[in-house]
$ cat coords33.pdb   # PDB, C-alpha atoms
MODEL        1
ATOM      1  CA  MET A 193      37.841 -12.626 -17.284
ATOM      2  CA  VAL A 194      34.431 -11.842 -15.828
ATOM      3  CA  THR A 195      32.979 -15.096 -17.178
ATOM      4  CA  SER A 196      36.009 -16.972 -15.869
ATOM      5  CA  ALA A 197      35.430 -15.483 -12.415
ATOM      6  CA  CYS A 198      31.805 -16.577 -12.578
ATOM      7  CA  ASN A 199      32.446 -20.088 -13.860
ATOM      8  CA  LEU A 200      35.537 -20.860 -11.754
ATOM      9  CA  VAL A 201      33.410 -21.073  -8.611
ATOM     10  CA  ASN A 202      32.445 -24.525  -9.852
ATOM     11  CA  GLU A 203      35.342 -25.534 -12.086
ATOM     12  CA  THR A 204      38.529 -27.554 -11.641
ATOM     13  CA  LYS A 205      40.886 -25.837  -9.197
ATOM     14  CA  SER A 206      43.836 -25.733 -11.595
ATOM     15  CA  TYR A 207      41.771 -23.859 -14.164
ATOM     16  CA  GLY A 208      42.018 -20.751 -11.982
ATOM     17  CA  PRO A 209      45.728 -20.210 -12.629
ATOM     18  CA  PHE A 210      45.262 -21.334 -16.221
ATOM     19  CA  ARG A 211      42.605 -18.678 -16.848
ATOM     20  CA  LEU A 212      44.836 -16.017 -15.321
ATOM     21  CA  ILE A 213      47.815 -16.919 -17.455
ATOM     22  CA  ASP A 214      45.656 -17.153 -20.566
ATOM     23  CA  ALA A 215      44.191 -13.738 -19.724
ATOM     24  CA  ALA A 216      47.725 -12.328 -19.433
ATOM     25  CA  SER A 217      48.476 -13.601 -22.936
ATOM     26  CA  ARG A 218      45.224 -12.205 -24.337
ATOM     27  CA  LEU A 219      45.952  -8.862 -22.666
ATOM     28  CA  ILE A 220      49.357  -8.704 -24.353
ATOM     29  CA  THR A 221      47.602  -9.311 -27.690
ATOM     30  CA  ILE A 222      45.088  -6.526 -26.984
ATOM     31  CA  LEU A 223      47.883  -4.151 -26.047
ATOM     32  CA  SER A 224      49.747  -5.028 -29.221
ATOM     33  CA  GLU A 225      46.635  -4.371 -31.313
ATOM     34  CA  ASN A 226      46.586  -0.916 -29.741
ATOM     35  CA  GLN A 227      50.248  -0.244 -30.557
ATOM     36  CA  ILE A 228      51.471  -0.942 -27.035
ATOM     37  CA  SER A 229      54.169  -3.554 -27.271
ATOM     38  CA  SER A 230      57.732  -4.338 -26.401
ATOM     39  CA  PRO A 231      60.189  -7.160 -26.999
ATOM     40  CA  GLU A 232      59.779  -8.117 -23.343
ATOM     41  CA  LEU A 233      55.994  -8.450 -23.645
ATOM     42  CA  GLU A 234      56.423 -10.561 -26.779
ATOM     43  CA  LYS A 235      58.857 -12.839 -24.984
ATOM     44  CA  ILE A 236      56.506 -13.219 -22.029
ATOM     45  CA  GLN A 237      53.627 -14.086 -24.328
ATOM     46  CA  ALA A 238      55.728 -16.614 -26.210
ATOM     47  CA  LYS A 239      56.678 -18.288 -22.912
ATOM     48  CA  ILE A 240      53.058 -18.383 -21.829
ATOM     49  CA  GLU A 241      51.918 -19.938 -25.097
ATOM     50  CA  GLN A 242      54.678 -22.540 -24.933
ATOM     51  CA  GLY A 243      53.693 -23.831 -21.520
ATOM     52  CA  LYS A 244      50.125 -22.978 -20.572
ATOM     53  CA  TYR A 245      48.592 -26.255 -21.718
ATOM     54  CA  LYS A 246      50.705 -28.190 -19.243
ATOM     55  CA  VAL A 247      47.729 -27.681 -16.957
ATOM     56  CA  MET A 248      46.014 -30.487 -18.850
ATOM     57  CA  GLU A 249      48.977 -32.850 -18.711
ATOM     58  CA  ASP A 250      50.711 -32.648 -15.358
ATOM     59  CA  GLU A 251      49.814 -30.379 -12.472
ATOM     60  CA  SER A 252      53.300 -30.294 -10.984
ATOM     61  CA  GLN A 253      54.841 -29.450 -14.362
ATOM     62  CA  PHE A 254      52.304 -26.666 -14.761
ATOM     63  CA  SER A 255      53.163 -25.356 -11.320
ATOM     64  CA  SER A 256      56.884 -25.390 -12.179
ATOM     65  CA  PHE A 257      56.157 -23.637 -15.464
ATOM     66  CA  LEU A 258      54.313 -20.842 -13.632
ATOM     67  CA  ASN A 259      57.102 -20.483 -11.102
ATOM     68  CA  ASP A 260      59.723 -20.346 -13.870
ATOM     69  CA  LEU A 261      57.635 -17.761 -15.680
ATOM     70  CA  VAL A 262      57.584 -15.483 -12.668
ATOM     71  CA  LEU A 263      61.372 -15.776 -12.366
ATOM     72  CA  TYR A 264      61.751 -15.156 -16.107
ATOM     73  CA  ILE A 265      59.771 -11.934 -15.807
ATOM     74  CA  THR A 266      61.963 -10.787 -12.924
ATOM     75  CA  SER A 267      65.025 -11.433 -15.084
ATOM     76  CA  LEU A 268      63.542  -9.233 -17.811
ATOM     77  CA  MET A 269      62.950  -6.492 -15.279
ATOM     78  CA  GLU A 270      66.568  -6.641 -14.100
ATOM     79  CA  ASN A 271      67.639  -5.490 -17.556
ATOM     80  CA  GLN A 272      65.469  -2.417 -17.385
ATOM     81  CA  ASP A 273      66.106   0.915 -15.691
TER      82      ASP A 273
ATOM     83  CA  MET B1441      39.630 -44.128 -42.304
ATOM     84  CA  ASP B1442      38.902 -46.949 -39.906
ATOM     85  CA  ILE B1443      37.235 -46.125 -36.614
ATOM     86  CA  TRP B1444      40.193 -47.245 -34.463
ATOM     87  CA  THR B1445      42.493 -44.768 -36.236
ATOM     88  CA  ALA B1446      40.069 -41.929 -35.604
ATOM     89  CA  ILE B1447      39.589 -42.879 -31.943
ATOM     90  CA  LYS B1448      43.321 -43.175 -31.290
ATOM     91  CA  ASN B1449      44.485 -40.120 -33.211
ATOM     92  CA  ARG B1450      41.814 -37.511 -32.503
ATOM     93  CA  ARG B1451      43.212 -34.706 -30.378
ATOM     94  CA  SER B1452      41.764 -31.589 -28.809
ATOM     95  CA  ILE B1453      42.981 -28.880 -31.173
ATOM     96  CA  ARG B1454      43.542 -25.331 -29.965
ATOM     97  CA  LYS B1455      45.557 -23.909 -32.860
ATOM     98  CA  PHE B1456      43.867 -23.534 -36.201
ATOM     99  CA  THR B1457      44.747 -22.265 -39.674
ATOM    100  CA  ALA B1458      42.944 -19.284 -41.192
ATOM    101  CA  ASP B1459      41.125 -21.529 -43.684
ATOM    102  CA  PRO B1460      37.336 -21.233 -43.443
ATOM    103  CA  VAL B1461      35.154 -24.263 -42.763
ATOM    104  CA  GLU B1462      32.395 -24.717 -45.314
ATOM    105  CA  GLU B1463      28.829 -24.908 -44.089
ATOM    106  CA  LYS B1464      28.397 -28.176 -45.962
ATOM    107  CA  LYS B1465      31.171 -29.771 -43.893
ATOM    108  CA  LEU B1466      29.494 -28.642 -40.660
ATOM    109  CA  ARG B1467      26.118 -29.869 -41.883
ATOM    110  CA  ASP B1468      27.652 -33.267 -42.661
ATOM    111  CA  LEU B1469      29.313 -33.489 -39.247
ATOM    112  CA  ILE B1470      25.989 -32.880 -37.550
ATOM    113  CA  LEU B1471      23.581 -34.739 -39.818
ATOM    114  CA  LYS B1472      25.814 -37.638 -40.855
ATOM    115  CA  ALA B1473      27.577 -38.161 -37.544
ATOM    116  CA  GLY B1474      26.211 -36.212 -34.576
ATOM    117  CA  ILE B1475      22.572 -37.241 -34.760
ATOM    118  CA  TRP B1476      23.504 -40.867 -35.359
ATOM    119  CA  ALA B1477      24.618 -41.122 -31.761
ATOM    120  CA  PRO B1478      22.281 -42.949 -29.422
ATOM    121  CA  SER B1479      19.942 -40.896 -27.235
ATOM    122  CA  GLY B1480      18.052 -41.929 -24.094
ATOM    123  CA  GLY B1481      14.711 -43.375 -25.137
ATOM    124  CA  ASN B1482      15.605 -42.276 -28.660
ATOM    125  CA  ALA B1483      14.452 -38.831 -27.511
ATOM    126  CA  GLN B1484      16.754 -36.906 -29.877
ATOM    127  CA  THR B1485      16.217 -33.688 -27.935
ATOM    128  CA  TRP B1486      19.476 -32.177 -29.166
ATOM    129  CA  ARG B1487      19.572 -29.008 -31.220
ATOM    130  CA  PHE B1488      22.666 -27.851 -33.068
ATOM    131  CA  ILE B1489      23.680 -24.318 -33.966
ATOM    132  CA  ALA B1490      26.643 -23.996 -36.312
ATOM    133  CA  ILE B1491      28.425 -20.640 -36.248
ATOM    134  CA  THR B1492      30.736 -19.472 -39.047
ATOM    135  CA  ASP B1493      30.091 -15.717 -38.820
ATOM    136  CA  GLN B1494      33.305 -14.274 -37.369
ATOM    137  CA  LYS B1495      31.521 -11.388 -35.609
ATOM    138  CA  ILE B1496      29.251 -13.810 -33.778
ATOM    139  CA  LEU B1497      32.252 -16.028 -33.013
ATOM    140  CA  SER B1498      34.095 -13.068 -31.470
ATOM    141  CA  LYS B1499      31.105 -12.321 -29.240
ATOM    142  CA  LEU B1500      30.771 -15.956 -28.149
ATOM    143  CA  LYS B1501      34.483 -16.069 -27.346
ATOM    144  CA  LEU B1502      34.070 -13.251 -24.815
ATOM    145  CA  PHE B1503      31.819 -15.484 -22.705
ATOM    146  CA  SER B1504      33.601 -18.762 -23.340
ATOM    147  CA  PRO B1505      36.881 -18.855 -21.408
ATOM    148  CA  GLY B1506      37.415 -22.435 -22.550
ATOM    149  CA  LEU B1507      37.326 -21.449 -26.213
ATOM    150  CA  LEU B1508      41.016 -21.280 -27.043
ATOM    151  CA  GLY B1509      42.683 -20.333 -30.299
ATOM    152  CA  THR B1510      40.833 -18.887 -33.284
ATOM    153  CA  PRO B1511      38.623 -21.584 -34.779
ATOM    154  CA  LYS B1512      36.727 -20.634 -37.922
ATOM    155  CA  ALA B1513      33.573 -22.378 -36.735
ATOM    156  CA  ILE B1514      31.794 -23.482 -33.602
ATOM    157  CA  ILE B1515      29.014 -25.995 -33.126
ATOM    158  CA  ILE B1516      26.812 -25.210 -30.147
ATOM    159  CA  ILE B1517      25.098 -28.359 -28.940
ATOM    160  CA  CYS B1518      21.892 -27.411 -27.188
ATOM    161  CA  GLN B1519      19.140 -29.419 -25.641
ATOM    162  CA  ASP B1520      15.441 -28.617 -25.900
ATOM    163  CA  LEU B1521      14.754 -28.960 -22.187
ATOM    164  CA  VAL B1522      10.966 -28.754 -22.565
ATOM    165  CA  TYR B1523      11.039 -31.637 -25.017
ATOM    166  CA  ALA B1524      13.573 -33.485 -22.835
ATOM    167  CA  LEU B1525      11.194 -33.195 -19.852
ATOM    168  CA  GLU B1526       8.304 -34.413 -21.977
ATOM    169  CA  LYS B1527      10.243 -37.385 -23.348
ATOM    170  CA  GLY B1528      12.256 -38.386 -20.294
ATOM    171  CA  GLY B1529      10.987 -36.565 -17.221
ATOM    172  CA  GLU B1530      13.468 -35.258 -14.661
ATOM    173  CA  LEU B1531      15.918 -37.992 -15.639
ATOM    174  CA  GLY B1532      15.697 -36.833 -19.212
ATOM    175  CA  VAL B1533      16.427 -33.220 -18.344
ATOM    176  CA  LYS B1534      19.116 -33.700 -15.689
ATOM    177  CA  THR B1535      21.008 -36.739 -16.916
ATOM    178  CA  LEU B1536      20.006 -38.163 -20.267
ATOM    179  CA  SER B1537      20.227 -34.860 -22.121
ATOM    180  CA  LEU B1538      23.847 -34.422 -20.991
ATOM    181  CA  MET B1539      24.762 -37.964 -21.953
ATOM    182  CA  ASP B1540      23.122 -37.536 -25.351
ATOM    183  CA  THR B1541      24.982 -34.274 -25.972
ATOM    184  CA  ALA B1542      28.265 -35.943 -25.099
ATOM    185  CA  MET B1543      27.665 -38.939 -27.361
ATOM    186  CA  ALA B1544      26.671 -36.716 -30.281
ATOM    187  CA  ALA B1545      29.752 -34.583 -29.646
ATOM    188  CA  GLN B1546      32.075 -37.543 -29.771
ATOM    189  CA  ASN B1547      30.563 -38.673 -33.086
ATOM    190  CA  ILE B1548      31.101 -35.181 -34.457
ATOM    191  CA  MET B1549      34.695 -34.988 -33.265
ATOM    192  CA  LEU B1550      35.632 -38.400 -34.669
ATOM    193  CA  ALA B1551      33.989 -37.614 -37.997
ATOM    194  CA  ALA B1552      35.764 -34.263 -38.089
ATOM    195  CA  TYR B1553      39.117 -35.963 -37.591
ATOM    196  CA  ALA B1554      38.295 -38.377 -40.407
ATOM    197  CA  VAL B1555      37.803 -35.497 -42.844
ATOM    198  CA  GLY B1556      40.877 -33.545 -41.796
ATOM    199  CA  LEU B1557      39.277 -31.108 -39.381
ATOM    200  CA  GLY B1558      40.370 -30.385 -35.829
ATOM    201  CA  THR B1559      37.982 -29.947 -32.930
ATOM    202  CA  CYS B1560      37.935 -29.261 -29.225
ATOM    203  CA  PRO B1561      35.014 -29.776 -26.847
ATOM    204  CA  ILE B1562      34.388 -26.777 -24.594
ATOM    205  CA  ALA B1563      32.413 -26.881 -21.373
ATOM    206  CA  SER B1564      33.709 -23.657 -19.856
ATOM    207  CA  PHE B1565      31.305 -21.039 -21.126
ATOM    208  CA  HIS B1566      28.360 -19.117 -19.740
ATOM    209  CA  PRO B1567      25.184 -20.760 -21.111
ATOM    210  CA  GLU B1568      22.838 -17.888 -20.273
ATOM    211  CA  ALA B1569      25.203 -15.342 -21.863
ATOM    212  CA  LEU B1570      25.283 -17.414 -25.034
ATOM    213  CA  GLN B1571      21.503 -17.681 -25.008
ATOM    214  CA  LYS B1572      21.294 -13.875 -24.881
ATOM    215  CA  ILE B1573      23.831 -13.384 -27.673
ATOM    216  CA  MET B1574      22.166 -15.956 -29.913
ATOM    217  CA  GLY B1575      18.604 -14.945 -29.046
ATOM    218  CA  LEU B1576      17.810 -18.456 -27.885
ATOM    219  CA  PRO B1577      14.613 -19.176 -25.976
ATOM    220  CA  VAL B1578      15.188 -20.215 -22.370
ATOM    221  CA  HIS B1579      14.384 -23.875 -23.023
ATOM    222  CA  ILE B1580      17.011 -24.222 -25.771
ATOM    223  CA  TYR B1581      19.958 -24.653 -23.446
ATOM    224  CA  PRO B1582      23.584 -24.728 -24.654
ATOM    225  CA  GLN B1583      25.362 -27.676 -23.052
ATOM    226  CA  LEU B1584      28.602 -28.018 -25.015
ATOM    227  CA  LEU B1585      30.561 -26.118 -27.629
ATOM    228  CA  ILE B1586      32.802 -27.741 -30.211
ATOM    229  CA  SER B1587      35.386 -25.540 -31.896
ATOM    230  CA  VAL B1588      36.033 -26.623 -35.479
ATOM    231  CA  GLY B1589      38.774 -25.684 -37.898
ATOM    232  CA  PHE B1590      41.729 -26.911 -39.879
ATOM    233  CA  PRO B1591      44.368 -27.948 -37.373
ATOM    234  CA  LYS B1592      47.680 -26.137 -37.075
ATOM    235  CA  GLU B1593      48.975 -28.690 -34.598
ATOM    236  CA  HIS B1594      48.827 -32.345 -33.673
ATOM    237  CA  PRO B1595      49.534 -32.474 -29.955
ATOM    238  CA  PRO B1596      50.935 -35.647 -28.419
ATOM    239  CA  ALA B1597      48.436 -37.883 -26.705
ATOM    240  CA  PRO B1598      48.128 -37.403 -22.935
ATOM    241  CA  ARG B1599      48.977 -40.556 -21.025
ATOM    242  CA  ARG B1600      46.096 -42.920 -20.431
ATOM    243  CA  ASN B1601      45.684 -44.877 -17.205
ATOM    244  CA  LEU B1602      45.191 -48.507 -18.241
ATOM    245  CA  ASP B1603      44.614 -49.775 -14.710
ATOM    246  CA  ILE B1604      40.923 -49.031 -14.839
ATOM    247  CA  ILE B1605      39.176 -52.167 -15.941
ATOM    248  CA  TRP B1606      37.699 -55.073 -14.043
ATOM    249  CA  PHE B1607      35.664 -58.036 -15.240
ATOM    250  CA  ASN B1608      32.607 -59.257 -13.434
ATOM    251  CA  TYR B1609      33.576 -57.793 -10.069
ATOM    252  CA  TYR B1610      35.203 -54.603  -8.919
ATOM    253  CA  ALA B1611      38.052 -55.519  -6.610
ATOM    254  CA  LYS B1612      40.737 -53.283  -5.152
ATOM    255  CA  LYS B1613      44.073 -54.198  -6.739
TER     256      LYS B1613
ENDMDL
END

$ encode --input "coords33.pdb" --output "structure tokens"
Amino acid sequence: MVTSACNLVNETKSYGPFRLIDAASRLITILSENQISSPELEKIQAKIEQGKYKVMEDESQFSSFLNDLVLYITSLMENQD
Amino acid sequence: MDIWTAIKNRRSIRKFTADPVEEKKLRDLILKAGIWAPSGGNAQTWRFIAITDQKILSKLKLFSPGLLGTPKAIIIICQDLVYALEKGGELGVKTLSLMDTAMAAQNIMLAAYAVGLGTCPIASFHPEALQKIMGLPVHIYPQLLISVGFPKEHPPAPRRNLDIIWFNYYAKK
């Protein structure tokens, strides 16, 4: 994340959101490796991995994917206390 | 495999199997393909570092946000900037070295596809951090990484814009 912050000053604009979403996925992996996991986190990671590379195909599709992901996470939260 | 098949079907691979990549395969990619690319003034100022040690790979990954997936090998394409200055002056250092790295990289990636390996070129990394990790002298400057491994995917080809060619004169269409 630190290197991303450093490099993104001069990189393609859309790589900013991409690095963030990739970092979220890597963080879920790190948590899992430290026995912190949940079905919800696994689902979020699966969604991220399904769609994150849209950034290289179509910017508007990537933007929609991110928006849908936010809404998906809110739907997961609705099912929790 | 004919060259057109390799050109058309090579993809940037970001999901790899757990199968290791033999050093001989990496050596062949570099010495039988990479260095046969053209270089400005035939300077050949490139220097290649092939990494298969998983501990070193893990360290490099920390400073390479563009390195996605878990490749079993990486080729770091460096340029000897002192030699590049000597052979090509400022042009050699600032422009030709980058072009030469890119041409060598494409040779490597096409050859890798031809032998069943997947690759991805990576420009998003911190060169000085990699120099520190690898103990490289300041003038051996990493310009591009290529992740190498056995592919676990074959992504569809991104659309290509064909409306990009003119003959003899550039004219707005």

$ axis_aligned_box --input "coords33.pdb" --around "region 1441-1458 of chain B" --padding-each-side "5 Å" --output "AutoDock Vina command-line options"
--center_x 41.4 --center_y -33.3 --center_z -35.6 --size_x 18.3 --size_y 38.0 --size_z 23.5

$ interface_residues --input "coords33.pdb" --of "chain A" --to "chain B" --cutoff "7 Å" --atoms "only C-alpha atoms" --output "PyMOL selection string"
chain A and resi 195-196+249

$ residues_near_point --input "coords33.pdb" --point "(40.8, -35.2, -31.8)" --cutoff "10 Å" --atoms "all atoms listed in the file" --output "PyMOL selection string"
chain B and resi 1446-1453+1546+1549-1554+1557-1561+1591+1594-1595+1597

$ write_last_selection --input "coords33.pdb" --atoms "C-alpha atoms" --output "compact mmCIF listing (two decimals), in the coordinates of the input"
# COMPACT_ATOMS: atom_id res chain seq x y z
CA ALA B 1446 40.07 -41.93 -35.60
CA ILE B 1447 39.59 -42.88 -31.94
CA LYS B 1448 43.32 -43.18 -31.29
CA ASN B 1449 44.48 -40.12 -33.21
CA ARG B 1450 41.81 -37.51 -32.50
CA ARG B 1451 43.21 -34.71 -30.38
CA SER B 1452 41.76 -31.59 -28.81
CA ILE B 1453 42.98 -28.88 -31.17
CA GLN B 1546 32.08 -37.54 -29.77
CA MET B 1549 34.70 -34.99 -33.26
CA LEU B 1550 35.63 -38.40 -34.67
CA ALA B 1551 33.99 -37.61 -38.00
CA ALA B 1552 35.76 -34.26 -38.09
CA TYR B 1553 39.12 -35.96 -37.59
CA ALA B 1554 38.30 -38.38 -40.41
CA LEU B 1557 39.28 -31.11 -39.38
CA GLY B 1558 40.37 -30.38 -35.83
CA THR B 1559 37.98 -29.95 -32.93
CA CYS B 1560 37.94 -29.26 -29.22
CA PRO B 1561 35.01 -29.78 -26.85
CA PRO B 1591 44.37 -27.95 -37.37
CA HIS B 1594 48.83 -32.34 -33.67
CA PRO B 1595 49.53 -32.47 -29.96
CA ALA B 1597 48.44 -37.88 -26.70

$ closest_residue --input "coords33.pdb" --among "A:Lys244, A:Glu232, A:Thr221, A:Leu200" --to "Ser267 (chain A)" --atoms "only C-alpha atoms"
A:Glu232

$ residues_around --input "coords33.pdb" --residues "Pro209 (chain A)" --least-positions-apart "6" --cutoff "10 Å" --atoms "only C-alpha atoms" --output "CSV table (one decimal) with C-alpha atoms, in the coordinates of the input"
chain,number,residue,atom,x,y,z
A,215,ALA,CA,44.2,-13.7,-19.7
A,244,LYS,CA,50.1,-23.0,-20.6
A,247,VAL,CA,47.7,-27.7,-17.0
A,254,PHE,CA,52.3,-26.7,-14.8
A,255,SER,CA,53.2,-25.4,-11.3
A,258,LEU,CA,54.3,-20.8,-13.6

$ atom_distance --input "coords33.pdb" --atom1 "CA of Ser252 (chain A)" --atom2 "CA of Glu1593 (chain B)"
24.1 Å

$ resolve_selection --input "coords33.pdb" --expression "the PyMOL selection byres ((chain B and resi 1477-1491) around 7)" --output "PyMOL selection string"
chain B and resi 1466+1474-1476+1492-1493+1497+1513-1520+1523-1524+1527+1536+1540-1541+1543-1544+1547

$ atom_distance --input "coords33.pdb" --atom1 "CA of Ile213 (chain A)" --atom2 "CA of Pro1582 (chain B)"
26.5 Å

$ closest_residue --input "coords33.pdb" --among "A:Ile240, A:Ile220, A:Met193, A:Leu233" --to "Asn259 (chain A)" --atoms "all atoms listed in the file"
A:Ile240

$ atom_distance --input "coords33.pdb" --atom1 "CA of Ser1587 (chain B)" --atom2 "CA of Pro1511 (chain B)"
5.9 Å

$ closest_residue --input "coords33.pdb" --among "A:Tyr245, A:Lys205, A:Leu268, A:Leu219" --to "Pro231 (chain A)" --atoms "all atoms listed in the file"
A:Leu268

$ residues_near_point --input "coords33.pdb" --point "(59.3, -10.3, -20.3)" --cutoff "12 Å" --atoms "only C-alpha atoms" --output "mmCIF file with C-alpha atoms, in the frame of the given file"
data_model
loop_
_atom_site.group_PDB
_atom_site.id
_atom_site.type_symbol
_atom_site.label_atom_id
_atom_site.label_comp_id
_atom_site.auth_asym_id
_atom_site.auth_seq_id
_atom_site.Cartn_x
_atom_site.Cartn_y
_atom_site.Cartn_z
ATOM 1 C CA ALA A 216 47.725 -12.328 -19.433
ATOM 2 C CA SER A 217 48.476 -13.601 -22.936
ATOM 3 C CA ILE A 220 49.357 -8.704 -24.353
ATOM 4 C CA SER A 229 54.169 -3.554 -27.271
ATOM 5 C CA SER A 230 57.732 -4.338 -26.401
ATOM 6 C CA PRO A 231 60.189 -7.160 -26.999
ATOM 7 C CA GLU A 232 59.779 -8.117 -23.343
ATOM 8 C CA LEU A 233 55.994 -8.450 -23.645
ATOM 9 C CA GLU A 234 56.423 -10.561 -26.779
ATOM 10 C CA LYS A 235 58.857 -12.839 -24.984
ATOM 11 C CA ILE A 236 56.506 -13.219 -22.029
ATOM 12 C CA GLN A 237 53.627 -14.086 -24.328
ATOM 13 C CA ALA A 238 55.728 -16.614 -26.210
ATOM 14 C CA LYS A 239 56.678 -18.288 -22.912
ATOM 15 C CA ILE A 240 53.058 -18.383 -21.829
ATOM 16 C CA ASP A 260 59.723 -20.346 -13.870
ATOM 17 C CA LEU A 261 57.635 -17.761 -15.680
ATOM 18 C CA VAL A 262 57.584 -15.483 -12.668
ATOM 19 C CA LEU A 263 61.372 -15.776 -12.366
ATOM 20 C CA TYR A 264 61.751 -15.156 -16.107
ATOM 21 C CA ILE A 265 59.771 -11.934 -15.807
ATOM 22 C CA THR A 266 61.963 -10.787 -12.924
ATOM 23 C CA SER A 267 65.025 -11.433 -15.084
ATOM 24 C CA LEU A 268 63.542 -9.233 -17.811
ATOM 25 C CA MET A 269 62.950 -6.492 -15.279
ATOM 26 C CA GLU A 270 66.568 -6.641 -14.100
ATOM 27 C CA ASN A 271 67.639 -5.490 -17.556
ATOM 28 C CA GLN A 272 65.469 -2.417 -17.385
#

$ closest_residue --input "coords33.pdb" --among "B:Ile1604, B:Ile1586, B:Lys1472, B:Leu1521" --to "Ala1542 (chain B)" --atoms "all atoms listed in the file"
B:Ile1586

$ build_atoms --input "coords33.pdb" --residues "region 206-221 of chain A" --atoms "N, CA and C atoms" --output "PDB file, keeping the file's coordinate frame"
ATOM      1  N   SER A 206      42.667 -26.167 -10.822  1.00  0.00           N
ATOM      2  CA  SER A 206      43.836 -25.733 -11.595  1.00  0.00           C
ATOM      3  C   SER A 206      43.458 -24.812 -12.758  1.00  0.00           C
ATOM      4  N   TYR A 207      42.178 -24.741 -13.065  1.00  0.00           N
ATOM      5  CA  TYR A 207      41.771 -23.859 -14.164  1.00  0.00           C
ATOM      6  C   TYR A 207      41.861 -22.387 -13.756  1.00  0.00           C
ATOM      7  N   GLY A 208      41.876 -22.130 -12.450  1.00  0.00           N
ATOM      8  CA  GLY A 208      42.018 -20.751 -11.982  1.00  0.00           C
ATOM      9  C   GLY A 208      43.322 -20.140 -12.472  1.00  0.00           C
ATOM     10  N   PRO A 209      44.460 -20.734 -12.122  1.00  0.00           N
ATOM     11  CA  PRO A 209      45.728 -20.210 -12.629  1.00  0.00           C
ATOM     12  C   PRO A 209      45.808 -20.225 -14.148  1.00  0.00           C
ATOM     13  N   PHE A 210      45.227 -21.254 -14.758  1.00  0.00           N
ATOM     14  CA  PHE A 210      45.262 -21.334 -16.221  1.00  0.00           C
ATOM     15  C   PHE A 210      44.525 -20.140 -16.841  1.00  0.00           C
ATOM     16  N   ARG A 211      43.363 -19.809 -16.302  1.00  0.00           N
ATOM     17  CA  ARG A 211      42.605 -18.678 -16.848  1.00  0.00           C
ATOM     18  C   ARG A 211      43.387 -17.377 -16.675  1.00  0.00           C
ATOM     19  N   LEU A 212      44.066 -17.246 -15.564  1.00  0.00           N
ATOM     20  CA  LEU A 212      44.836 -16.017 -15.321  1.00  0.00           C
ATOM     21  C   LEU A 212      45.971 -15.886 -16.329  1.00  0.00           C
ATOM     22  N   ILE A 213      46.668 -16.988 -16.559  1.00  0.00           N
ATOM     23  CA  ILE A 213      47.815 -16.919 -17.455  1.00  0.00           C
ATOM     24  C   ILE A 213      47.354 -16.726 -18.897  1.00  0.00           C
ATOM     25  N   ASP A 214      46.223 -17.343 -19.227  1.00  0.00           N
ATOM     26  CA  ASP A 214      45.656 -17.153 -20.566  1.00  0.00           C
ATOM     27  C   ASP A 214      45.199 -15.712 -20.732  1.00  0.00           C
ATOM     28  N   ALA A 215      44.622 -15.141 -19.670  1.00  0.00           N
ATOM     29  CA  ALA A 215      44.191 -13.738 -19.724  1.00  0.00           C
ATOM     30  C   ALA A 215      45.387 -12.815 -19.911  1.00  0.00           C
ATOM     31  N   ALA A 216      46.507 -13.137 -19.270  1.00  0.00           N
ATOM     32  CA  ALA A 216      47.725 -12.328 -19.433  1.00  0.00           C
ATOM     33  C   ALA A 216      48.151 -12.324 -20.898  1.00  0.00           C
ATOM     34  N   SER A 217      48.094 -13.500 -21.524  1.00  0.00           N
ATOM     35  CA  SER A 217      48.476 -13.601 -22.936  1.00  0.00           C
ATOM     36  C   SER A 217      47.516 -12.819 -23.824  1.00  0.00           C
ATOM     37  N   ARG A 218      46.211 -12.933 -23.519  1.00  0.00           N
ATOM     38  CA  ARG A 218      45.224 -12.205 -24.337  1.00  0.00           C
ATOM     39  C   ARG A 218      45.394 -10.702 -24.156  1.00  0.00           C
ATOM     40  N   LEU A 219      45.757 -10.292 -22.929  1.00  0.00           N
ATOM     41  CA  LEU A 219      45.952  -8.862 -22.666  1.00  0.00           C
ATOM     42  C   LEU A 219      47.132  -8.331 -23.473  1.00  0.00           C
ATOM     43  N   ILE A 220      48.191  -9.116 -23.559  1.00  0.00           N
ATOM     44  CA  ILE A 220      49.357  -8.704 -24.353  1.00  0.00           C
ATOM     45  C   ILE A 220      48.954  -8.536 -25.813  1.00  0.00           C
ATOM     46  N   THR A 221      48.094  -9.432 -26.311  1.00  0.00           N
ATOM     47  CA  THR A 221      47.602  -9.311 -27.690  1.00  0.00           C
ATOM     48  C   THR A 221      46.793  -8.028 -27.867  1.00  0.00           C
TER      49      THR A 221
END
